>>> print(open('structure.pdb').read())   # PDB, C-alpha atoms
MODEL        1
ATOM      1  CA  MET U 525      28.441  -0.771 -29.621
ATOM      2  CA  ALA U 526      25.895  -3.500 -30.272
ATOM      3  CA  ASP U 527      26.404  -5.749 -33.265
ATOM      4  CA  PRO U 528      23.654  -4.834 -35.777
ATOM      5  CA  GLN U 529      23.123  -8.519 -36.487
ATOM      6  CA  SER U 530      22.462  -9.218 -32.791
ATOM      7  CA  VAL U 531      20.002  -6.329 -32.690
ATOM      8  CA  ARG U 532      18.101  -7.770 -35.650
ATOM      9  CA  THR U 533      18.165 -11.206 -34.040
ATOM     10  CA  VAL U 534      16.439 -10.022 -30.878
ATOM     11  CA  LEU U 535      13.988  -7.951 -32.919
ATOM     12  CA  ASP U 536      13.058 -10.988 -34.987
ATOM     13  CA  ASP U 537      12.665 -13.029 -31.813
ATOM     14  CA  LEU U 538      10.463 -10.287 -30.359
ATOM     15  CA  ARG U 539       8.212 -10.484 -33.388
ATOM     16  CA  ALA U 540       8.041 -14.265 -33.148
ATOM     17  CA  GLU U 541       7.192 -14.126 -29.435
ATOM     18  CA  SER U 542       4.451 -11.576 -30.102
ATOM     19  CA  ASP U 543       3.021 -13.711 -32.896
ATOM     20  CA  ALA U 544       2.993 -16.753 -30.613
ATOM     21  CA  LEU U 545       0.959 -14.877 -28.004
ATOM     22  CA  ASP U 546      -1.299 -13.461 -30.700
ATOM     23  CA  SER U 547      -2.165 -17.027 -31.724
ATOM     24  CA  LEU U 548      -3.450 -17.684 -28.188
ATOM     25  CA  VAL U 549      -5.930 -14.816 -28.215
ATOM     26  CA  ALA U 550      -6.751 -14.282 -31.898
ATOM     27  CA  ASP U 551      -9.756 -16.617 -31.850
ATOM     28  CA  LEU U 552     -10.632 -16.216 -28.178
ATOM     29  CA  PRO U 553     -14.390 -15.685 -27.665
ATOM     30  CA  ALA U 554     -15.197 -12.181 -26.462
ATOM     31  CA  GLY U 555     -16.409 -13.494 -23.121
ATOM     32  CA  ARG U 556     -13.060 -15.112 -22.372
ATOM     33  CA  TRP U 557     -11.236 -11.793 -22.557
ATOM     34  CA  GLY U 558     -12.738 -11.080 -19.144
ATOM     35  CA  ALA U 559     -11.253 -14.235 -17.607
ATOM     36  CA  VAL U 560      -9.213 -13.406 -14.515
ATOM     37  CA  THR U 561      -5.508 -14.242 -14.843
ATOM     38  CA  PRO U 562      -3.043 -15.133 -12.055
ATOM     39  CA  ALA U 563      -2.039 -11.434 -11.915
ATOM     40  CA  GLU U 564      -4.238  -9.995  -9.175
ATOM     41  CA  GLY U 565      -7.104  -7.941 -10.607
ATOM     42  CA  TRP U 566      -6.039  -8.427 -14.228
ATOM     43  CA  THR U 567      -8.029 -10.178 -16.930
ATOM     44  CA  VAL U 568      -6.794 -11.426 -20.298
ATOM     45  CA  ALA U 569      -7.820  -8.020 -21.657
ATOM     46  CA  HIS U 570      -5.675  -6.257 -19.035
ATOM     47  CA  GLN U 571      -2.660  -8.327 -20.077
ATOM     48  CA  ILE U 572      -2.957  -7.427 -23.758
ATOM     49  CA  ALA U 573      -3.834  -3.828 -22.930
ATOM     50  CA  HIS U 574      -0.661  -3.549 -20.863
ATOM     51  CA  LEU U 575       1.515  -4.882 -23.667
ATOM     52  CA  SER U 576      -0.048  -2.493 -26.167
ATOM     53  CA  TRP U 577       0.345   0.464 -23.819
ATOM     54  CA  THR U 578       3.990  -0.351 -23.071
ATOM     55  CA  ASP U 579       4.728  -0.585 -26.791
ATOM     56  CA  ARG U 580       3.266   2.892 -27.224
ATOM     57  CA  GLN U 581       5.308   4.217 -24.307
ATOM     58  CA  ALA U 582       8.464   2.844 -25.913
ATOM     59  CA  LEU U 583       7.498   4.557 -29.178
ATOM     60  CA  LEU U 584       6.938   7.807 -27.320
ATOM     61  CA  ALA U 585      10.365   7.554 -25.673
ATOM     62  CA  ILE U 586      12.040   7.073 -29.056
ATOM     63  CA  GLU U 587      10.055   9.565 -31.116
ATOM     64  CA  ASP U 588       9.397  12.339 -28.565
ATOM     65  CA  PRO U 589      11.813  12.203 -25.599
ATOM     66  CA  ASP U 590      10.463  15.475 -24.157
ATOM     67  CA  ALA U 591       6.911  14.153 -24.068
ATOM     68  CA  PHE U 592       8.174  10.951 -22.512
ATOM     69  CA  SER U 593       9.997  12.969 -19.854
ATOM     70  CA  ALA U 594       6.689  14.575 -18.891
ATOM     71  CA  GLU U 595       5.116  11.118 -18.792
ATOM     72  CA  LEU U 596       7.904   9.932 -16.521
ATOM     73  CA  THR U 597       7.301  12.834 -14.147
ATOM     74  CA  TYR U 598       3.634  11.838 -13.932
ATOM     75  CA  ALA U 599       4.569   8.216 -13.322
ATOM     76  CA  LEU U 600       6.840   9.121 -10.421
ATOM     77  CA  GLY U 601       3.930  10.895  -8.762
ATOM     78  CA  HIS U 602       1.548   7.964  -9.201
ATOM     79  CA  LEU U 603       3.733   4.926  -8.600
ATOM     80  CA  ASP U 604       1.001   2.855  -6.966
ATOM     81  CA  THR U 605      -1.582   3.290  -9.723
ATOM     82  CA  TYR U 606       0.261   4.284 -12.900
ATOM     83  CA  VAL U 607       0.480   0.892 -14.621
ATOM     84  CA  ASP U 608      -2.935  -0.321 -13.485
ATOM     85  CA  GLU U 609      -4.616   2.874 -14.695
ATOM     86  CA  ALA U 610      -3.380   2.374 -18.232
ATOM     87  CA  ALA U 611      -4.229  -1.331 -18.310
ATOM     88  CA  THR U 612      -7.718  -0.747 -16.942
ATOM     89  CA  ARG U 613      -8.446   2.031 -19.420
ATOM     90  CA  ASP U 614      -7.537   0.014 -22.501
ATOM     91  CA  ALA U 615      -8.991  -3.249 -21.165
ATOM     92  CA  ALA U 616     -12.418  -1.632 -21.405
ATOM     93  CA  MET U 617     -12.157  -1.600 -25.198
ATOM     94  CA  PRO U 618     -14.064  -4.219 -27.214
ATOM     95  CA  PRO U 619     -11.771  -7.265 -27.583
ATOM     96  CA  ALA U 620     -11.491  -6.973 -31.370
ATOM     97  CA  ALA U 621     -10.492  -3.311 -31.116
ATOM     98  CA  LEU U 622      -8.007  -4.032 -28.324
ATOM     99  CA  LEU U 623      -6.419  -6.840 -30.309
ATOM    100  CA  GLU U 624      -6.080  -4.621 -33.357
ATOM    101  CA  ARG U 625      -4.560  -1.841 -31.233
ATOM    102  CA  TRP U 626      -1.957  -4.229 -29.854
ATOM    103  CA  ARG U 627      -1.118  -5.520 -33.321
ATOM    104  CA  SER U 628      -0.724  -1.982 -34.608
ATOM    105  CA  SER U 629       1.378  -0.741 -31.684
ATOM    106  CA  ARG U 630       3.793  -3.660 -31.754
ATOM    107  CA  ALA U 631       4.190  -3.437 -35.541
ATOM    108  CA  ARG U 632       4.940   0.282 -35.309
ATOM    109  CA  LEU U 633       7.442  -0.247 -32.511
ATOM    110  CA  TRP U 634       9.189  -3.070 -34.372
ATOM    111  CA  ALA U 635       9.562  -0.964 -37.522
ATOM    112  CA  THR U 636      10.816   1.986 -35.483
ATOM    113  CA  LEU U 637      13.412  -0.114 -33.654
ATOM    114  CA  VAL U 638      14.659  -1.671 -36.894
ATOM    115  CA  ALA U 639      15.278   1.810 -38.281
ATOM    116  CA  GLN U 640      17.377   3.030 -35.330
ATOM    117  CA  PRO U 641      21.044   3.818 -36.050
ATOM    118  CA  PRO U 642      23.744   1.807 -34.260
ATOM    119  CA  GLY U 643      24.782   3.035 -30.832
ATOM    120  CA  VAL U 644      21.731   5.150 -30.046
ATOM    121  CA  ARG U 645      20.217   4.944 -26.559
ATOM    122  CA  HIS U 646      16.604   5.609 -25.661
ATOM    123  CA  PRO U 647      15.127   7.078 -22.464
ATOM    124  CA  TRP U 648      13.077   4.769 -20.282
ATOM    125  CA  TYR U 649      11.719   4.483 -16.744
ATOM    126  CA  GLY U 650      15.170   3.422 -15.587
ATOM    127  CA  PRO U 651      18.545   4.141 -17.234
ATOM    128  CA  PRO U 652      18.561   4.844 -20.991
ATOM    129  CA  MET U 653      18.606   1.657 -23.050
ATOM    130  CA  SER U 654      20.090   0.532 -26.339
ATOM    131  CA  THR U 655      17.820  -0.581 -29.160
ATOM    132  CA  ALA U 656      18.663  -4.216 -28.419
ATOM    133  CA  ALA U 657      17.833  -3.692 -24.743
ATOM    134  CA  VAL U 658      14.454  -2.147 -25.590
ATOM    135  CA  ALA U 659      13.622  -5.115 -27.820
ATOM    136  CA  THR U 660      14.826  -7.588 -25.214
ATOM    137  CA  GLY U 661      12.704  -5.945 -22.540
ATOM    138  CA  ARG U 662       9.654  -6.089 -24.778
ATOM    139  CA  LEU U 663      10.295  -9.766 -25.498
ATOM    140  CA  MET U 664      10.631 -10.541 -21.796
ATOM    141  CA  GLU U 665       7.373  -8.767 -20.989
ATOM    142  CA  THR U 666       5.529 -10.384 -23.877
ATOM    143  CA  TRP U 667       6.649 -13.834 -22.750
ATOM    144  CA  ALA U 668       5.833 -13.147 -19.091
ATOM    145  CA  HIS U 669       2.344 -11.758 -19.696
ATOM    146  CA  GLY U 670       1.810 -14.508 -22.224
ATOM    147  CA  GLN U 671       2.453 -16.994 -19.427
ATOM    148  CA  ASP U 672      -0.363 -15.460 -17.394
ATOM    149  CA  ILE U 673      -2.689 -15.849 -20.363
ATOM    150  CA  ALA U 674      -1.532 -19.404 -21.072
ATOM    151  CA  ASP U 675      -2.096 -20.377 -17.444
ATOM    152  CA  THR U 676      -5.571 -18.846 -17.543
ATOM    153  CA  LEU U 677      -6.503 -20.717 -20.716
ATOM    154  CA  GLY U 678      -4.913 -23.975 -19.593
ATOM    155  CA  VAL U 679      -2.428 -23.935 -22.458
ATOM    156  CA  LEU U 680       0.942 -25.684 -22.187
ATOM    157  CA  ARG U 681       3.412 -23.567 -24.150
ATOM    158  CA  THR U 682       6.448 -25.126 -25.771
ATOM    159  CA  PRO U 683       9.616 -23.313 -24.640
ATOM    160  CA  THR U 684      11.868 -21.958 -27.366
ATOM    161  CA  ALA U 685      15.413 -20.669 -27.789
ATOM    162  CA  ARG U 686      13.965 -17.154 -27.463
ATOM    163  CA  LEU U 687      14.222 -17.668 -23.713
ATOM    164  CA  ARG U 688      17.966 -17.036 -23.976
ATOM    165  CA  HIS U 689      17.159 -13.313 -24.010
ATOM    166  CA  VAL U 690      15.235 -13.568 -20.739
ATOM    167  CA  VAL U 691      18.055 -15.614 -19.210
ATOM    168  CA  ARG U 692      20.602 -12.964 -20.177
ATOM    169  CA  ILE U 693      18.540 -10.203 -18.604
ATOM    170  CA  THR U 694      18.196 -12.247 -15.438
ATOM    171  CA  VAL U 695      21.905 -13.007 -15.175
ATOM    172  CA  ARG U 696      22.915  -9.408 -15.846
ATOM    173  CA  ALA U 697      20.412  -8.157 -13.260
ATOM    174  CA  ARG U 698      21.903 -10.237 -10.448
ATOM    175  CA  ASP U 699      23.316  -7.263  -8.538
ATOM    176  CA  TYR U 700      20.203  -5.190  -9.213
ATOM    177  CA  ALA U 701      18.045  -7.871  -7.583
ATOM    178  CA  PHE U 702      20.102  -7.655  -4.401
ATOM    179  CA  ALA U 703      19.958  -3.844  -4.433
ATOM    180  CA  ALA U 704      16.197  -3.899  -4.962
ATOM    181  CA  HIS U 705      15.928  -5.858  -1.722
ATOM    182  CA  GLY U 706      18.274  -3.511   0.136
ATOM    183  CA  ARG U 707      21.089  -6.017   0.227
ATOM    184  CA  PRO U 708      24.714  -5.662  -0.912
ATOM    185  CA  ALA U 709      25.638  -7.586  -4.024
ATOM    186  CA  PRO U 710      27.949 -10.570  -3.488
ATOM    187  CA  GLN U 711      31.577  -9.966  -4.390
ATOM    188  CA  ALA U 712      32.038 -13.482  -5.754
ATOM    189  CA  GLU U 713      30.935 -14.217  -9.292
ATOM    190  CA  PHE U 714      28.282 -16.834 -10.011
ATOM    191  CA  ARG U 715      28.308 -19.720 -12.436
ATOM    192  CA  TRP U 716      25.003 -20.472 -14.188
ATOM    193  CA  GLU U 717      24.545 -23.812 -15.979
ATOM    194  CA  LEU U 718      21.082 -23.946 -17.505
ATOM    195  CA  THR U 719      19.479 -26.558 -19.709
ATOM    196  CA  ALA U 720      18.096 -24.942 -22.865
ATOM    197  CA  PRO U 721      14.819 -26.056 -24.474
ATOM    198  CA  ASP U 722      16.750 -28.132 -27.033
ATOM    199  CA  GLY U 723      18.742 -29.931 -24.316
ATOM    200  CA  SER U 724      21.967 -27.985 -24.819
ATOM    201  CA  LEU U 725      23.636 -26.078 -22.012
ATOM    202  CA  TRP U 726      23.600 -22.295 -21.614
ATOM    203  CA  THR U 727      26.452 -21.209 -19.346
ATOM    204  CA  PHE U 728      27.415 -17.891 -17.797
ATOM    205  CA  GLY U 729      30.183 -16.949 -15.380
ATOM    206  CA  PRO U 730      33.527 -18.591 -14.549
ATOM    207  CA  GLU U 731      33.657 -22.390 -14.576
ATOM    208  CA  ASP U 732      35.461 -22.512 -11.229
ATOM    209  CA  ALA U 733      33.016 -20.278  -9.325
ATOM    210  CA  ASP U 734      31.953 -21.585  -5.912
ATOM    211  CA  GLN U 735      28.517 -19.946  -6.172
ATOM    212  CA  ARG U 736      26.464 -21.873  -8.728
ATOM    213  CA  VAL U 737      22.920 -22.063 -10.078
ATOM    214  CA  SER U 738      21.722 -24.919 -12.258
ATOM    215  CA  GLY U 739      18.503 -26.276 -13.714
ATOM    216  CA  PRO U 740      16.141 -25.704 -16.648
ATOM    217  CA  ALA U 741      16.525 -22.313 -18.325
ATOM    218  CA  GLU U 742      12.748 -22.096 -18.592
ATOM    219  CA  ASP U 743      12.384 -22.461 -14.832
ATOM    220  CA  LEU U 744      14.851 -19.644 -14.223
ATOM    221  CA  CYS U 745      12.837 -17.421 -16.568
ATOM    222  CA  LEU U 746       9.564 -18.289 -14.823
ATOM    223  CA  LEU U 747      11.141 -17.498 -11.462
ATOM    224  CA  ALA U 748      12.763 -14.242 -12.593
ATOM    225  CA  VAL U 749       9.557 -12.830 -14.095
ATOM    226  CA  GLN U 750       7.715 -13.949 -10.929
ATOM    227  CA  ARG U 751       5.330 -16.342 -12.656
ATOM    228  CA  ARG U 752       6.426 -19.218 -10.425
ATOM    229  CA  HIS U 753       7.465 -19.533  -6.801
ATOM    230  CA  ARG U 754      10.908 -20.870  -6.052
ATOM    231  CA  ASP U 755       9.376 -24.010  -4.554
ATOM    232  CA  ASP U 756       7.718 -24.789  -7.891
ATOM    233  CA  VAL U 757      10.821 -24.735 -10.106
ATOM    234  CA  ALA U 758      13.623 -27.276 -10.503
ATOM    235  CA  LEU U 759      16.537 -24.964  -9.791
ATOM    236  CA  THR U 760      19.388 -25.757  -7.435
ATOM    237  CA  ALA U 761      21.990 -23.507  -5.815
ATOM    238  CA  GLU U 762      25.437 -24.163  -4.436
ATOM    239  CA  GLY U 763      26.675 -21.513  -2.008
ATOM    240  CA  ALA U 764      24.850 -19.210   0.362
ATOM    241  CA  ASP U 765      24.822 -16.225  -2.009
ATOM    242  CA  ALA U 766      23.476 -18.239  -4.939
ATOM    243  CA  ASP U 767      20.822 -19.723  -2.675
ATOM    244  CA  ALA U 768      19.813 -16.254  -1.483
ATOM    245  CA  TRP U 769      19.639 -14.983  -5.061
ATOM    246  CA  LEU U 770      17.145 -17.658  -6.084
ATOM    247  CA  SER U 771      14.737 -16.173  -3.556
ATOM    248  CA  ILE U 772      15.000 -12.621  -4.949
ATOM    249  CA  ALA U 773      15.903 -12.999  -8.647
ATOM    250  CA  GLN U 774      14.076 -10.623 -10.992
ATOM    251  CA  ALA U 775      14.455  -9.864 -14.682
ATOM    252  CA  PHE U 776      12.646  -6.525 -14.565
ATOM    253  CA  ALA U 777      13.477  -3.029 -13.360
ATOM    254  CA  GLY U 778      11.668  -1.433 -10.465
ATOM    255  CA  PRO U 779      10.799  -2.626  -6.969
ATOM    256  CA  PRO U 780      10.267  -6.324  -6.265
ATOM    257  CA  GLY U 781       6.761  -7.502  -6.980
ATOM    258  CA  LYS U 782       4.595  -9.739  -4.841
ATOM    259  CA  GLY U 783       5.465 -12.807  -6.870
ATOM    260  CA  ARG U 784       3.276 -15.901  -6.817
ATOM    261  CA  PRO U 785       2.603 -18.153  -3.840
ATOM    262  CA  ALA U 786       3.944 -21.680  -3.832
ATOM    263  CA  GLY U 787       1.724 -24.152  -5.609
ATOM    264  CA  ALA U 788      -0.172 -21.432  -7.484
ATOM    265  CA  ALA U 789       0.821 -22.595 -10.975
ATOM    266  CA  SER U 790      -2.156 -23.795 -12.947
ATOM    267  CA  GLY U 791      -3.055 -24.806 -16.452
ATOM    268  CA  GLY U 792       0.167 -24.065 -18.265
ATOM    269  CA  GLY U 793       2.482 -25.707 -15.767
ATOM    270  CA  ALA U 794       6.035 -25.103 -16.871
ATOM    271  CA  ALA U 795       5.596 -22.737 -19.810
TER     272      ALA U 795
ENDMDL
END
>>> encode(input="structure.pdb", output="structure tokens")
Amino acid sequence: MADPQSVRTVLDDLRAESDALDSLVADLPAGRWGAVTPAEGWTVAHQIAHLSWTDRQALLAIEDPDAFSAELTYALGHLDTYVDEAATRDAAMPPAALLERWRSSRARLWATLVAQPPGVRHPWYGPPMSTAAVATGRLMETWAHGQDIADTLGVLRTPTARLRHVVRITVRARDYAFAAHGRPAPQAEFRWELTAPDGSLWTFGPEDADQRVSGPAEDLCLLAVQRRHRDDVALTAEGADADAWLSIAQAFAGPPGKGRPAGAASGGGAA
């Protein structure tokens, strides 16, 4: 069972991450909401629309599991267009209305997650998730889509300790990343030694592991949410399996995305 304090910690970090992104777009001129982001076919408005829509889907899963089940059935029949349809629909809203909708949806979701009893699990597009996992997933998505917006606006974001949640997802999803690429997961454990934003070291896995990954925690997050190509991050691997993983790492459920081509980072640089 998750420690209630840890659940509140990730929820508070989710709120802080959302507020940080809000500050990037709150005073954005209406014309800039149509600026094309590094995500193919998506504008700034699409990015915020997607976050708002996903918040509402999470609320639906918690408050009306049967309705969410029907939504999931629809999604499975429209895998190629499902996410884009929702983003395109809401992106057509006037920017002020879209911003207010996102603020409302994330506030409602936060309050709903805070009120959940310990140990409960919620349906989702993959396996059911704990309250902490739902919040962590929302934080990861908010940070990732925020990177697209920051890159579009030429903003250099200051990394924070909130990235530890994205790192944990990435580390725990090691075997899933291999499976998503049709490859067996390595039997040997990995050791991760990652430099946190404050210069401290975040470590995972046994100290004596032969397979090792090291470098800035921020770079691992950028790689795992596919906002940077492997050639554009300062990560190193020791061992063939660790090296292979750096080419397929992902912090999200579902099939592997297209990722970003080498050298495509612009504006924001390292987040």
>>> resolve_selection(input="structure.pdb", expression="the PyMOL selection byres ((chain U and resi 666-679) around 9)", output="PyMOL selection string")
chain U and resi 538+541-542+544-545+548-549+556+559-563+567-568+571-572+574-575+661-665+680-681+687+690+745-746+749-751+789-793+795
>>> closest_residue(input="structure.pdb", among="U:Asp579, U:Ser724, U:Leu552, U:Arg698", to="U:Ser628", atoms="all atoms listed in the file")
U:Asp579
>>> resolve_selection(input="structure.pdb", expression="the PyMOL selection byres ((chain U and resi 764) around 10)", output="list in words")
Pro710, Asp734, Gln735, Arg736, Ala761, Glu762, Gly763, Asp765, Ala766, Asp767, Ala768 and Trp769 of chain U
>>> closest_residue(input="structure.pdb", among="U:Thr636, U:Ser547, U:Thr597, U:Thr719", to="U:Pro683", atoms="all atoms listed in the file")
U:Thr719
>>> residues_around(input="structure.pdb", residues="U:Leu747", least_positions_apart="6", cutoff="10 Å", atoms="all atoms listed in the file", output="ChimeraX atom specification")
/U:694,741,753-757,759,770-775,783-784
>>> resolve_selection(input="structure.pdb", expression="the PyMOL selection byres ((chain U and resi 591-593) around 12)", output="MDAnalysis selection string")
chainID U and resid 580:590 594:600 646:650 652
>>> closest_residue(input="structure.pdb", among="U:Gly555, U:Pro641, U:Pro740, U:Pro779", to="U:Gly723", atoms="only C-alpha atoms")
U:Pro740
>>> residues_near_point(input="structure.pdb", point="(23.2, -19.1, -21.4)", cutoff="9 Å", atoms="only C-alpha atoms", output="list of chain:residue names")
U:Arg688, U:His689, U:Val691, U:Arg692, U:Val695, U:Trp716, U:Glu717, U:Leu718, U:Thr719, U:Ala720, U:Leu725, U:Trp726, U:Thr727, U:Phe728, U:Ala741
>>> atom_distance(input="structure.pdb", atom1="atom CA of U:Glu742", atom2="atom CA of U:Leu623")
27.2 Å
>>> atom_distance(input="structure.pdb", atom1="atom CA of U:Ala554", atom2="atom CA of U:Ala631")
23.1 Å
>>> atom_distance(input="structure.pdb", atom1="atom CA of U:Pro619", atom2="atom CA of U:Trp557")
6.8 Å
>>> residues_around(input="structure.pdb", residues="U:Asp536", least_positions_apart="3", cutoff="10 Å", atoms="only C-alpha atoms", output="CSV table (one decimal) with C-alpha atoms, in the coordinates of the input")
chain,number,residue,atom,x,y,z
U,530,SER,CA,22.5,-9.2,-32.8
U,531,VAL,CA,20.0,-6.3,-32.7
U,532,ARG,CA,18.1,-7.8,-35.6
U,533,THR,CA,18.2,-11.2,-34.0
U,539,ARG,CA,8.2,-10.5,-33.4
U,540,ALA,CA,8.0,-14.3,-33.1
U,541,GLU,CA,7.2,-14.1,-29.4
U,542,SER,CA,4.5,-11.6,-30.1
U,634,TRP,CA,9.2,-3.1,-34.4
U,638,VAL,CA,14.7,-1.7,-36.9
U,659,ALA,CA,13.6,-5.1,-27.8
U,663,LEU,CA,10.3,-9.8,-25.5
U,686,ARG,CA,14.0,-17.2,-27.5
